[in-house]
>>> print(open('structure_25.cif').read())   # mmCIF, C-alpha atoms and all ligand atoms
data_protein
loop_
_atom_site.label_atom_id
_atom_site.label_comp_id
_atom_site.auth_asym_id
_atom_site.auth_seq_id
_atom_site.Cartn_x
_atom_site.Cartn_y
_atom_site.Cartn_z
CA MET I 1 -82.91 64.29 -109.41
CA SER I 2 -83.11 61.49 -111.98
CA LEU I 3 -80.24 59.05 -112.40
CA PRO I 4 -77.62 60.01 -114.97
CA TYR I 5 -78.02 58.49 -118.41
CA THR I 6 -81.60 57.29 -117.77
CA THR I 7 -82.62 57.66 -121.41
CA GLU I 8 -79.31 56.31 -122.72
CA LYS I 9 -79.70 53.20 -120.59
CA GLN I 10 -83.30 52.59 -121.71
CA VAL I 11 -82.47 53.08 -125.37
CA ALA I 12 -79.35 50.90 -125.12
CA VAL I 13 -81.19 48.03 -123.45
CA ALA I 14 -84.02 48.22 -125.98
CA ALA I 15 -81.56 48.27 -128.91
CA VAL I 16 -79.59 45.30 -127.56
CA ARG I 17 -82.79 43.35 -126.90
CA ARG I 18 -84.01 43.87 -130.47
CA ALA I 19 -80.60 42.85 -131.82
CA CYS I 20 -80.67 39.69 -129.67
CA VAL I 21 -84.08 38.73 -131.05
CA LEU I 22 -82.70 39.34 -134.54
CA THR I 23 -79.51 37.30 -134.12
CA ASN I 24 -81.51 34.44 -132.60
CA SER I 25 -83.82 34.39 -135.57
CA VAL I 26 -80.88 34.60 -138.02
CA PHE I 27 -79.38 31.53 -136.34
CA ASN I 28 -82.64 29.61 -136.48
CA LYS I 29 -83.54 30.54 -140.05
CA LEU I 30 -80.30 30.39 -142.01
CA VAL I 31 -77.80 27.75 -143.06
CA LYS I 32 -74.90 27.52 -140.62
CA ASN I 33 -71.94 28.87 -142.54
CA GLU I 34 -69.69 31.94 -142.46
CA THR I 35 -72.34 34.00 -144.29
CA LEU I 36 -74.69 33.47 -141.38
CA THR I 37 -72.52 35.45 -138.98
CA LYS I 38 -71.99 38.20 -141.55
CA VAL I 39 -75.74 38.55 -142.09
CA GLY I 40 -76.34 38.66 -138.34
CA ASP I 41 -73.47 41.10 -137.77
CA TYR I 42 -74.55 43.60 -140.42
CA ALA I 43 -78.26 43.43 -139.59
CA ALA I 44 -77.69 43.79 -135.84
CA GLN I 45 -75.35 46.75 -136.32
CA ALA I 46 -77.93 48.36 -138.65
CA VAL I 47 -80.64 47.96 -136.00
CA ILE I 48 -78.61 49.23 -133.04
CA SER I 49 -77.11 52.11 -134.99
CA SER I 50 -80.55 53.18 -136.34
CA ILE I 51 -82.04 53.22 -132.85
CA LEU I 52 -79.08 55.16 -131.40
CA HIS I 53 -79.18 57.67 -134.23
CA ARG I 54 -82.85 58.38 -133.71
CA ALA I 55 -82.39 58.96 -129.97
CA PHE I 56 -78.95 60.67 -130.03
CA PRO I 57 -78.35 62.02 -133.54
CA GLU I 58 -75.14 63.82 -132.59
CA ASP I 59 -73.38 60.83 -131.04
CA PRO I 60 -70.64 59.13 -133.09
CA ILE I 61 -70.39 55.34 -133.19
CA VAL I 62 -67.40 53.01 -133.21
CA GLY I 63 -68.87 49.87 -134.77
CA GLU I 64 -67.19 46.67 -135.86
CA GLU I 65 -68.75 46.55 -139.34
CA ASP I 66 -68.97 48.81 -142.39
CA ALA I 67 -71.26 48.44 -145.39
CA ALA I 68 -68.69 48.60 -148.22
CA ASP I 69 -69.17 44.93 -149.24
CA LEU I 70 -72.94 45.29 -149.09
CA ARG I 71 -72.95 48.31 -151.38
CA ALA I 72 -71.05 46.35 -154.06
CA GLU I 73 -72.92 44.55 -156.86
CA SER I 74 -71.77 41.22 -155.43
CA GLY I 75 -73.44 42.05 -152.11
CA THR I 76 -76.98 42.28 -153.51
CA GLY I 77 -78.32 38.96 -152.22
CA MET I 78 -76.93 39.45 -148.75
CA ARG I 79 -78.03 43.08 -148.69
CA GLU I 80 -81.66 42.23 -149.38
CA ARG I 81 -81.69 39.62 -146.66
CA ILE I 82 -80.13 42.05 -144.16
CA ILE I 83 -82.60 44.83 -144.93
CA GLU I 84 -85.52 42.46 -144.44
CA LEU I 85 -84.14 41.09 -141.15
CA ALA I 86 -83.20 44.52 -139.79
CA ASN I 87 -86.65 45.93 -140.54
CA GLU I 88 -88.32 42.92 -138.95
CA ALA I 89 -86.30 43.56 -135.79
CA LEU I 90 -87.01 47.30 -135.80
CA VAL I 91 -90.80 47.08 -136.17
CA GLY I 92 -91.50 43.76 -134.41
CA GLU I 93 -93.99 43.95 -131.53
CA LEU I 94 -91.92 42.73 -128.62
CA GLY I 95 -94.64 43.67 -126.15
CA LEU I 96 -92.36 45.72 -123.93
CA ASP I 97 -91.71 49.35 -123.11
CA ASP I 98 -89.99 50.20 -126.37
CA ASN I 99 -90.60 53.65 -127.67
CA VAL I 100 -91.69 54.44 -131.22
CA GLU I 101 -89.96 57.81 -130.74
CA TRP I 102 -86.67 55.97 -130.74
CA GLY I 103 -87.25 54.31 -134.08
CA MET I 104 -88.80 51.06 -132.90
CA GLY I 105 -92.26 49.76 -133.57
CA PRO I 106 -94.92 49.84 -136.29
CA GLY I 107 -94.28 52.09 -139.25
CA GLN I 108 -90.56 52.50 -138.49
CA GLU I 109 -89.20 50.47 -141.43
CA LYS I 110 -86.07 51.93 -142.99
CA THR I 111 -85.04 52.09 -146.63
CA THR I 112 -82.00 50.18 -147.89
CA GLU I 113 -79.99 53.39 -148.09
CA GLU I 114 -80.91 54.37 -144.53
CA LEU I 115 -79.85 50.99 -143.18
CA LEU I 116 -76.55 50.94 -145.11
CA ASP I 117 -75.86 54.45 -143.80
CA ALA I 118 -76.69 53.22 -140.30
CA ILE I 119 -74.07 50.48 -140.63
CA ASP I 120 -71.51 52.94 -141.98
CA ARG I 121 -72.14 55.31 -139.09
CA GLY I 122 -69.96 52.90 -137.13
CA ASN I 123 -66.84 54.29 -138.80
CA TYR I 124 -65.90 56.80 -136.07
CA PRO I 125 -62.19 56.62 -135.29
CA GLY I 126 -62.63 57.06 -131.52
CA GLY I 127 -60.27 59.16 -129.41
CA PRO I 128 -59.72 60.71 -125.99
CA SER I 129 -62.61 63.15 -125.74
CA GLY I 130 -66.35 63.46 -126.24
CA ARG I 131 -69.22 61.00 -126.28
CA MET I 132 -69.19 57.89 -128.45
CA TRP I 133 -70.94 54.54 -128.57
CA THR I 134 -69.24 51.22 -129.34
CA ILE I 135 -71.13 48.39 -131.02
CA ASP I 136 -70.07 44.78 -131.41
CA PRO I 137 -73.19 43.36 -133.05
CA ILE I 138 -72.13 39.72 -132.65
CA ASP I 139 -69.17 39.32 -130.35
CA GLY I 140 -67.87 35.76 -130.33
CA THR I 141 -68.75 35.03 -133.95
CA LYS I 142 -67.15 31.58 -133.63
CA GLY I 143 -69.40 30.75 -130.68
CA PHE I 144 -72.45 32.06 -132.53
CA LEU I 145 -71.73 29.76 -135.45
CA ARG I 146 -71.32 26.78 -133.10
CA GLY I 147 -74.63 27.57 -131.37
CA GLU I 148 -72.70 28.38 -128.19
CA GLN I 149 -71.99 31.66 -126.42
CA TYR I 150 -72.02 35.00 -128.20
CA ALA I 151 -72.97 38.50 -127.11
CA VAL I 152 -74.54 41.65 -128.51
CA CYS I 153 -72.44 44.43 -127.00
CA LEU I 154 -73.01 48.15 -126.66
CA SER I 155 -71.28 50.80 -124.60
CA LEU I 156 -71.29 54.54 -124.12
CA ILE I 157 -67.86 56.11 -123.64
CA VAL I 158 -67.50 59.72 -122.45
CA ASP I 159 -64.04 61.31 -122.38
CA ALA I 160 -62.40 57.87 -122.56
CA GLN I 161 -64.38 56.53 -119.59
CA VAL I 162 -66.97 53.80 -120.18
CA GLU I 163 -70.20 55.11 -118.63
CA ILE I 164 -72.72 52.48 -119.77
CA GLY I 165 -72.29 48.86 -120.79
CA VAL I 166 -75.06 46.62 -122.10
CA ILE I 167 -74.37 43.01 -123.09
CA GLY I 168 -77.06 40.67 -124.41
CA CYS I 169 -76.32 36.94 -124.17
CA PRO I 170 -79.16 34.98 -125.82
CA ASN I 171 -77.54 31.56 -125.22
CA LEU I 172 -76.22 32.13 -121.70
CA PRO I 173 -77.99 30.18 -118.94
CA VAL I 174 -79.71 32.48 -116.46
CA ASP I 175 -77.63 30.64 -113.86
CA LEU I 176 -74.74 28.35 -114.97
CA SER I 177 -75.45 25.92 -112.13
CA LYS I 178 -79.23 25.78 -112.79
CA PRO I 179 -79.69 24.95 -116.49
CA GLU I 180 -83.41 24.27 -115.91
CA GLN I 181 -83.94 28.03 -115.54
CA GLY I 182 -83.33 28.45 -119.27
CA THR I 183 -81.13 30.80 -121.27
CA GLY I 184 -81.06 34.42 -122.34
CA CYS I 185 -79.92 37.41 -120.27
CA ILE I 186 -79.02 41.05 -120.63
CA PHE I 187 -76.37 42.63 -118.41
CA VAL I 188 -76.42 46.36 -117.75
CA ALA I 189 -74.07 48.67 -115.89
CA VAL I 190 -74.07 52.42 -115.41
CA ARG I 191 -70.88 53.94 -113.96
CA GLY I 192 -71.42 54.76 -110.31
CA HIS I 193 -74.85 53.10 -110.24
CA GLY I 194 -74.15 49.38 -110.17
CA ALA I 195 -74.59 46.39 -112.44
CA GLU I 196 -77.64 44.20 -112.99
CA GLN I 197 -78.84 41.18 -114.91
CA LEU I 198 -82.20 41.31 -116.70
CA THR I 199 -84.11 38.65 -118.56
CA LEU I 200 -83.81 38.75 -122.33
CA SER I 201 -87.20 40.45 -122.38
CA GLY I 202 -85.72 43.25 -120.27
CA ALA I 203 -87.55 42.36 -117.03
CA SER I 204 -86.65 41.28 -113.46
CA PRO I 205 -83.48 43.23 -112.75
CA GLU I 206 -81.15 41.46 -110.28
CA PRO I 207 -78.22 43.44 -108.88
CA LEU I 208 -74.80 41.86 -109.44
CA SER I 209 -71.80 41.75 -107.18
CA ILE I 210 -68.69 39.58 -107.29
CA PRO I 211 -68.37 37.47 -104.14
CA ALA I 212 -65.05 36.92 -102.35
CA SER I 213 -63.13 33.89 -103.71
CA THR I 214 -60.67 31.41 -102.27
CA SER I 215 -58.15 29.33 -104.24
CA GLU I 216 -60.49 26.33 -103.87
CA ASN I 217 -63.46 27.88 -105.59
CA LEU I 218 -61.51 30.03 -108.02
CA ASN I 219 -61.10 29.24 -111.69
CA PHE I 220 -60.36 31.11 -114.84
CA LEU I 221 -62.75 32.20 -117.52
CA GLU I 222 -60.97 32.09 -120.87
CA SER I 223 -61.55 32.17 -124.63
CA VAL I 224 -62.44 28.99 -126.46
CA GLU I 225 -60.17 30.11 -129.28
CA ALA I 226 -56.52 29.47 -128.39
CA ALA I 227 -55.57 31.97 -131.09
CA HIS I 228 -57.29 34.79 -129.14
CA SER I 229 -55.82 34.13 -125.72
CA SER I 230 -52.97 31.89 -124.60
CA HIS I 231 -54.33 28.78 -122.86
CA SER I 232 -50.87 27.59 -121.82
CA PHE I 233 -50.06 30.91 -120.14
CA ASN I 234 -53.32 30.70 -118.18
CA ASP I 235 -52.43 27.14 -117.13
CA ARG I 236 -49.12 28.35 -115.74
CA VAL I 237 -50.80 31.21 -113.84
CA SER I 238 -53.39 28.75 -112.48
CA ALA I 239 -50.60 26.49 -111.25
CA LEU I 240 -48.82 29.41 -109.58
CA LEU I 241 -52.06 30.29 -107.79
CA GLY I 242 -52.74 26.69 -106.77
CA ILE I 243 -55.98 26.63 -108.76
CA THR I 244 -57.14 23.06 -109.32
CA ARG I 245 -60.47 23.54 -111.07
CA PRO I 246 -60.35 23.52 -114.89
CA PRO I 247 -60.99 26.81 -116.71
CA ILE I 248 -64.45 27.75 -117.97
CA ARG I 249 -64.01 28.26 -121.71
CA MET I 250 -66.52 30.50 -123.38
CA ASP I 251 -66.63 32.81 -126.40
CA SER I 252 -67.37 36.54 -126.25
CA GLN I 253 -67.89 39.07 -123.48
CA ALA I 254 -70.21 36.55 -121.82
CA LYS I 255 -67.01 35.90 -119.80
CA TYR I 256 -67.19 39.37 -118.24
CA CYS I 257 -70.91 38.73 -117.53
CA CYS I 258 -70.24 35.42 -115.78
CA LEU I 259 -67.48 37.00 -113.74
CA ALA I 260 -69.78 39.87 -112.73
CA ARG I 261 -72.30 37.42 -111.32
CA GLY I 262 -69.73 35.33 -109.45
CA GLU I 263 -69.08 32.47 -111.88
CA GLY I 264 -65.38 31.65 -112.28
CA GLY I 265 -63.25 34.12 -110.41
CA ALA I 266 -60.98 35.74 -112.96
CA TYR I 267 -60.95 36.41 -116.69
CA LEU I 268 -57.43 36.28 -118.09
CA ARG I 269 -56.63 37.09 -121.71
CA MET I 270 -53.00 37.20 -122.73
CA PRO I 271 -51.83 37.79 -126.33
CA THR I 272 -50.79 34.73 -128.30
CA GLY I 273 -48.33 36.54 -130.51
CA VAL I 274 -47.32 39.99 -131.57
CA GLY I 275 -49.32 42.36 -133.68
CA TYR I 276 -52.98 41.95 -132.70
CA ARG I 277 -54.52 44.97 -131.05
CA GLU I 278 -57.60 44.45 -128.92
CA LYS I 279 -60.65 46.39 -130.13
CA ILE I 280 -62.44 48.78 -127.75
CA TRP I 281 -65.85 47.22 -128.58
CA ASP I 282 -64.56 43.85 -127.31
CA HIS I 283 -63.89 45.19 -123.80
CA ALA I 284 -65.67 48.48 -123.05
CA PRO I 285 -69.06 47.07 -121.93
CA GLY I 286 -67.40 44.22 -120.02
CA GLN I 287 -65.05 46.60 -118.21
CA VAL I 288 -67.79 48.81 -116.75
CA LEU I 289 -69.91 45.75 -115.94
CA VAL I 290 -67.16 44.08 -113.91
CA GLU I 291 -66.13 47.32 -112.20
CA GLU I 292 -69.72 48.10 -111.22
CA ALA I 293 -70.08 44.55 -109.85
CA GLY I 294 -67.15 45.40 -107.55
CA GLY I 295 -64.27 44.00 -109.61
CA ILE I 296 -61.09 45.34 -111.15
CA VAL I 297 -60.07 45.31 -114.83
CA THR I 298 -56.49 46.04 -115.89
CA ASP I 299 -53.87 44.92 -118.35
CA SER I 300 -51.04 42.56 -117.36
CA ARG I 301 -49.02 45.51 -115.96
CA GLY I 302 -51.85 46.47 -113.65
CA GLN I 303 -52.70 49.55 -115.75
CA PRO I 304 -56.33 50.45 -116.55
CA LEU I 305 -57.46 49.72 -120.13
CA ASN I 306 -57.28 52.92 -122.17
CA PHE I 307 -60.44 53.54 -124.20
CA GLY I 308 -59.19 56.89 -125.49
CA LEU I 309 -56.62 55.70 -128.00
CA GLY I 310 -58.92 55.19 -130.99
CA ARG I 311 -60.62 52.01 -132.18
CA THR I 312 -58.12 49.78 -130.40
CA LEU I 313 -56.66 49.57 -126.91
CA GLY I 314 -53.20 50.16 -128.37
CA GLU I 315 -50.26 47.87 -127.74
CA ASN I 316 -51.56 44.54 -126.41
CA PHE I 317 -50.68 43.92 -122.77
CA GLY I 318 -53.58 41.52 -122.23
CA VAL I 319 -56.52 41.79 -119.84
CA ILE I 320 -56.97 40.70 -116.23
CA ALA I 321 -60.48 41.02 -114.79
CA ALA I 322 -61.31 39.73 -111.32
CA GLY I 323 -62.92 40.48 -107.99
CA LYS I 324 -61.15 43.03 -105.75
CA ASP I 325 -59.62 40.38 -103.49
CA VAL I 326 -58.52 38.08 -106.33
CA HIS I 327 -57.11 40.64 -108.78
CA PRO I 328 -53.87 41.47 -106.89
CA ARG I 329 -53.05 37.76 -106.58
CA VAL I 330 -53.69 37.09 -110.27
CA LEU I 331 -51.66 40.16 -111.27
CA GLU I 332 -48.72 38.98 -109.19
CA ALA I 333 -48.89 35.47 -110.67
CA VAL I 334 -49.18 36.88 -114.21
CA GLN I 335 -46.06 38.95 -113.68
CA LYS I 336 -44.21 35.95 -112.28
CA ALA I 337 -45.24 33.85 -115.31
CA LEU I 338 -44.15 36.65 -117.65
CA SER I 339 -40.72 36.89 -116.03
CA GLU I 340 -40.35 33.09 -116.26
CA GLU I 341 -41.08 33.37 -119.99
CA LYS I 342 -38.51 36.14 -120.38
CA GLU I 343 -35.95 34.10 -118.49
CA LYS I 344 -36.62 31.06 -120.71
CA ALA I 345 -36.23 33.17 -123.86
CA ARG I 346 -32.90 34.52 -122.56
CA VAL I 347 -31.36 31.06 -121.89
N1 LIG I 401 -55.50 37.29 -132.45
C1 LIG I 401 -56.45 37.75 -131.64
N2 LIG I 401 -56.18 37.99 -130.34
C2 LIG I 401 -57.13 38.43 -129.51
N3 LIG I 401 -58.41 38.66 -129.88
C3 LIG I 401 -58.75 38.44 -131.15
C4 LIG I 401 -57.80 37.96 -132.10
N4 LIG I 401 -58.43 37.81 -133.29
C5 LIG I 401 -59.72 38.20 -133.09
N5 LIG I 401 -59.92 38.57 -131.81
C6 LIG I 401 -61.12 39.11 -131.17
O1 LIG I 401 -61.61 38.17 -130.24
C7 LIG I 401 -63.01 38.36 -130.20
C8 LIG I 401 -63.67 37.15 -129.59
O2 LIG I 401 -63.20 37.01 -128.29
P1 LIG I 401 -63.28 35.63 -127.52
O3 LIG I 401 -62.12 34.81 -127.92
O4 LIG I 401 -63.19 36.10 -126.09
O5 LIG I 401 -64.58 35.01 -127.86
C9 LIG I 401 -63.38 38.58 -131.62
O6 LIG I 401 -64.59 39.27 -131.66
P2 LIG I 401 -65.68 38.93 -132.82
O7 LIG I 401 -66.14 37.55 -132.60
O8 LIG I 401 -66.71 39.97 -132.57
O9 LIG I 401 -64.96 39.11 -134.11
C10 LIG I 401 -62.23 39.40 -132.16
O10 LIG I 401 -62.48 40.78 -132.13
MG MG I 402 -65.95 41.02 -130.79
#
>>> encode(input="structure_25.cif", output="structure tokens")
Amino acid sequence: MSLPYTTEKQVAVAAVRRACVLTNSVFNKLVKNETLTKVGDYAAQAVISSILHRAFPEDPIVGEEDAADLRAESGTGMRERIIELANEALVGELGLDDNVEWGMGPGQEKTTEELLDAIDRGNYPGGPSGRMWTIDPIDGTKGFLRGEQYAVCLSLIVDAQVEIGVIGCPNLPVDLSKPEQGTGCIFVAVRGHGAEQLTLSGASPEPLSIPASTSENLNFLESVEAAHSSHSFNDRVSALLGITRPPIRMDSQAKYCCLARGEGGAYLRMPTGVGYREKIWDHAPGQVLVEEAGGIVTDSRGQPLNFGLGRTLGENFGVIAAGKDVHPRVLEAVQKALSEEKEKARV
């Protein structure tokens, strides 16, 4: 019997790889300003969505972007650029096992209308049942703009459970402690079948598992952006756990990837204020990756993240991801820090 989701995994890896090549070339070719990330975001979503649609025409997509601004008169310049870049990425000869059947390779250029429709196919509202894909074409847009970490993220959710996660990290060192090995990796997980790291070209799969951690070698992975995740709360939790090493700050779901391969020991993301709801595309691929590498992902109450509520995870209780041995300790410290905060607010 073949493994479940064999085709889905192949198509997803190929789509993410093409989008990584595209975003890299956008970064190298264009002026570094806010428009750069928009161009990369739209073009990468167009590419991934086109490839998914060709392979799985019935599957809905929850994507970060929609094409409304590009369809407007004012979007003409950007639109032309995006169409050109998306087509380059779709037909480019990457010399690997891509399949023309899936809308990649020579002669597969798309029209402007087809690519705008592909972007807009990301408008699915999500929900508790059925199959759906999530796309975050450039996760960590701030990191992308700085030339630091970002990730091309894709997941398949079935009946609210994440079954496949694929995360491409063009700027991530193959090994954080061995920079000479270069950068560029793709992380892949299939529920029940483990997690692996591939090269950016899709070769050399290495299985991933989170090693046991002690307080001495443990440190947090956290957002660079203090507005996305409270740095001071993480400092307090670190102190409660006796962690002495400074946190590893990094944009995007590259944090889940590092955790899955044993770098850092816990990813902690607590809300900085009220109101923001985490998006499912920002966590779905990372959740299955960490779980398949032997870790646990919950919110700050110890509850699993709920991917069946729509485009967001609902009310924001934060995220704790860590190895099996570390997670209970972090959860306990998080709850202690939360009750300290409550107590302070009461006095
Ligand atoms: N106030 C907020 N709190 C938490 N996350 C936020 C936020 N505002 C934006 N984000 C999300 O944080 C993501 C980046 O996460 P990180 O801080 O780990 O790099 C952004 O993804 P995009 O960059 O795709 O927009 C965005 O979806
Ligand atoms: Mg994102």
>>> residues_near_ligand(input="structure_25.cif", ligand="ligand LIG 401 (chain I)", cutoff="8 Å", atoms="all atoms listed in the file", output="PyMOL selection string")
chain I and resi 64+136-143+150+222-229+250-253+255+269+271-273+276-279+282
>>> closest_residue(input="structure_25.cif", among="I:Pro128, I:Pro57, I:Gly63, I:Pro246", to="ligand MG 402 (chain I)", atoms="all atoms listed in the file")
I:Gly63
>>> closest_residue(input="structure_25.cif", among="I:Leu268, I:Leu30, I:Ala284, I:Leu22", to="Met132 of chain I", atoms="only C-alpha atoms")
I:Ala284
>>> residues_around(input="structure_25.cif", residues="segment 107-123 of chain I", least_positions_apart="6", cutoff="10 Å", atoms="only C-alpha atoms", output="NGL selection string")
:I and (41-53 or 59-68 or 70-71 or 79-80 or 82-84 or 86-92 or 100-101 or 133-136 or 311)
>>> closest_residue(input="structure_25.cif", among="I:Glu196, I:Glu163, I:Met104, I:Ala189", to="Arg18 of chain I", atoms="all atoms listed in the file")
I:Met104
>>> build_atoms(input="structure_25.cif", residues="segment 262-289 of chain I", atoms="N, CA and C atoms", output="CSV table (one decimal), in the coordinates of the input")
chain,number,residue,atom,x,y,z
I,262,GLY,N,-70.4,36.2,-110.4
I,262,GLY,CA,-69.7,35.3,-109.4
I,262,GLY,C,-69.4,33.9,-110.0
I,263,GLU,N,-69.4,33.8,-111.3
I,263,GLU,CA,-69.1,32.5,-111.9
I,263,GLU,C,-67.6,32.5,-112.4
I,264,GLY,N,-66.8,31.5,-112.0
I,264,GLY,CA,-65.4,31.6,-112.3
I,264,GLY,C,-64.9,32.6,-111.2
I,265,GLY,N,-63.7,33.1,-111.4
I,265,GLY,CA,-63.2,34.1,-110.4
I,265,GLY,C,-62.3,35.1,-111.0
I,266,ALA,N,-61.9,34.8,-112.3
I,266,ALA,CA,-61.0,35.7,-113.0
I,266,ALA,C,-61.0,35.5,-114.5
I,267,TYR,N,-61.0,36.5,-115.2
I,267,TYR,CA,-61.0,36.4,-116.7
I,267,TYR,C,-59.6,36.9,-117.1
I,268,LEU,N,-58.8,36.0,-117.7
I,268,LEU,CA,-57.4,36.3,-118.1
I,268,LEU,C,-57.3,36.1,-119.6
I,269,ARG,N,-56.8,37.1,-120.3
I,269,ARG,CA,-56.6,37.1,-121.7
I,269,ARG,C,-55.3,37.6,-122.1
I,270,MET,N,-54.3,36.7,-122.4
I,270,MET,CA,-53.0,37.2,-122.7
I,270,MET,C,-52.8,37.0,-124.2
I,271,PRO,N,-52.1,37.9,-124.9
I,271,PRO,CA,-51.8,37.8,-126.3
I,271,PRO,C,-51.1,36.5,-126.7
I,272,THR,N,-51.4,36.0,-127.9
I,272,THR,CA,-50.8,34.7,-128.3
I,272,THR,C,-49.6,35.0,-129.2
I,273,GLY,N,-49.5,36.2,-129.6
I,273,GLY,CA,-48.3,36.5,-130.5
I,273,GLY,C,-48.2,38.0,-130.6
I,274,VAL,N,-47.4,38.5,-131.5
I,274,VAL,CA,-47.3,40.0,-131.6
I,274,VAL,C,-48.3,40.5,-132.7
I,275,GLY,N,-48.6,41.7,-132.6
I,275,GLY,CA,-49.3,42.4,-133.7
I,275,GLY,C,-50.8,42.6,-133.5
I,276,TYR,N,-51.5,41.7,-132.8
I,276,TYR,CA,-53.0,42.0,-132.7
I,276,TYR,C,-53.3,43.0,-131.7
I,277,ARG,N,-54.1,44.0,-132.0
I,277,ARG,CA,-54.5,45.0,-131.0
I,277,ARG,C,-56.0,44.7,-130.7
I,278,GLU,N,-56.2,44.7,-129.4
I,278,GLU,CA,-57.6,44.4,-128.9
I,278,GLU,C,-58.5,45.6,-129.3
I,279,LYS,N,-59.7,45.3,-129.7
I,279,LYS,CA,-60.6,46.4,-130.1
I,279,LYS,C,-61.4,46.9,-128.9
I,280,ILE,N,-61.7,48.2,-128.9
I,280,ILE,CA,-62.4,48.8,-127.8
I,280,ILE,C,-63.8,48.2,-127.6
I,281,TRP,N,-64.5,47.8,-128.7
I,281,TRP,CA,-65.8,47.2,-128.6
I,281,TRP,C,-65.8,45.8,-128.0
I,282,ASP,N,-64.7,45.2,-127.9
I,282,ASP,CA,-64.6,43.8,-127.3
I,282,ASP,C,-64.4,43.9,-125.8
I,283,HIS,N,-64.2,45.1,-125.2
I,283,HIS,CA,-63.9,45.2,-123.8
I,283,HIS,C,-64.6,46.3,-123.1
I,284,ALA,N,-65.1,47.3,-123.8
I,284,ALA,CA,-65.7,48.5,-123.0
I,284,ALA,C,-66.9,48.1,-122.2
I,285,PRO,N,-67.9,47.4,-122.8
I,285,PRO,CA,-69.1,47.1,-121.9
I,285,PRO,C,-68.7,46.1,-120.8
I,286,GLY,N,-67.8,45.2,-121.1
I,286,GLY,CA,-67.4,44.2,-120.0
I,286,GLY,C,-66.6,44.9,-118.9
I,287,GLN,N,-65.8,45.9,-119.2
I,287,GLN,CA,-65.0,46.6,-118.2
I,287,GLN,C,-66.0,47.3,-117.2
I,288,VAL,N,-66.9,48.1,-117.7
I,288,VAL,CA,-67.8,48.8,-116.8
I,288,VAL,C,-68.7,47.8,-116.0
I,289,LEU,N,-69.1,46.7,-116.6
I,289,LEU,CA,-69.9,45.8,-115.9
I,289,LEU,C,-69.2,45.1,-114.7
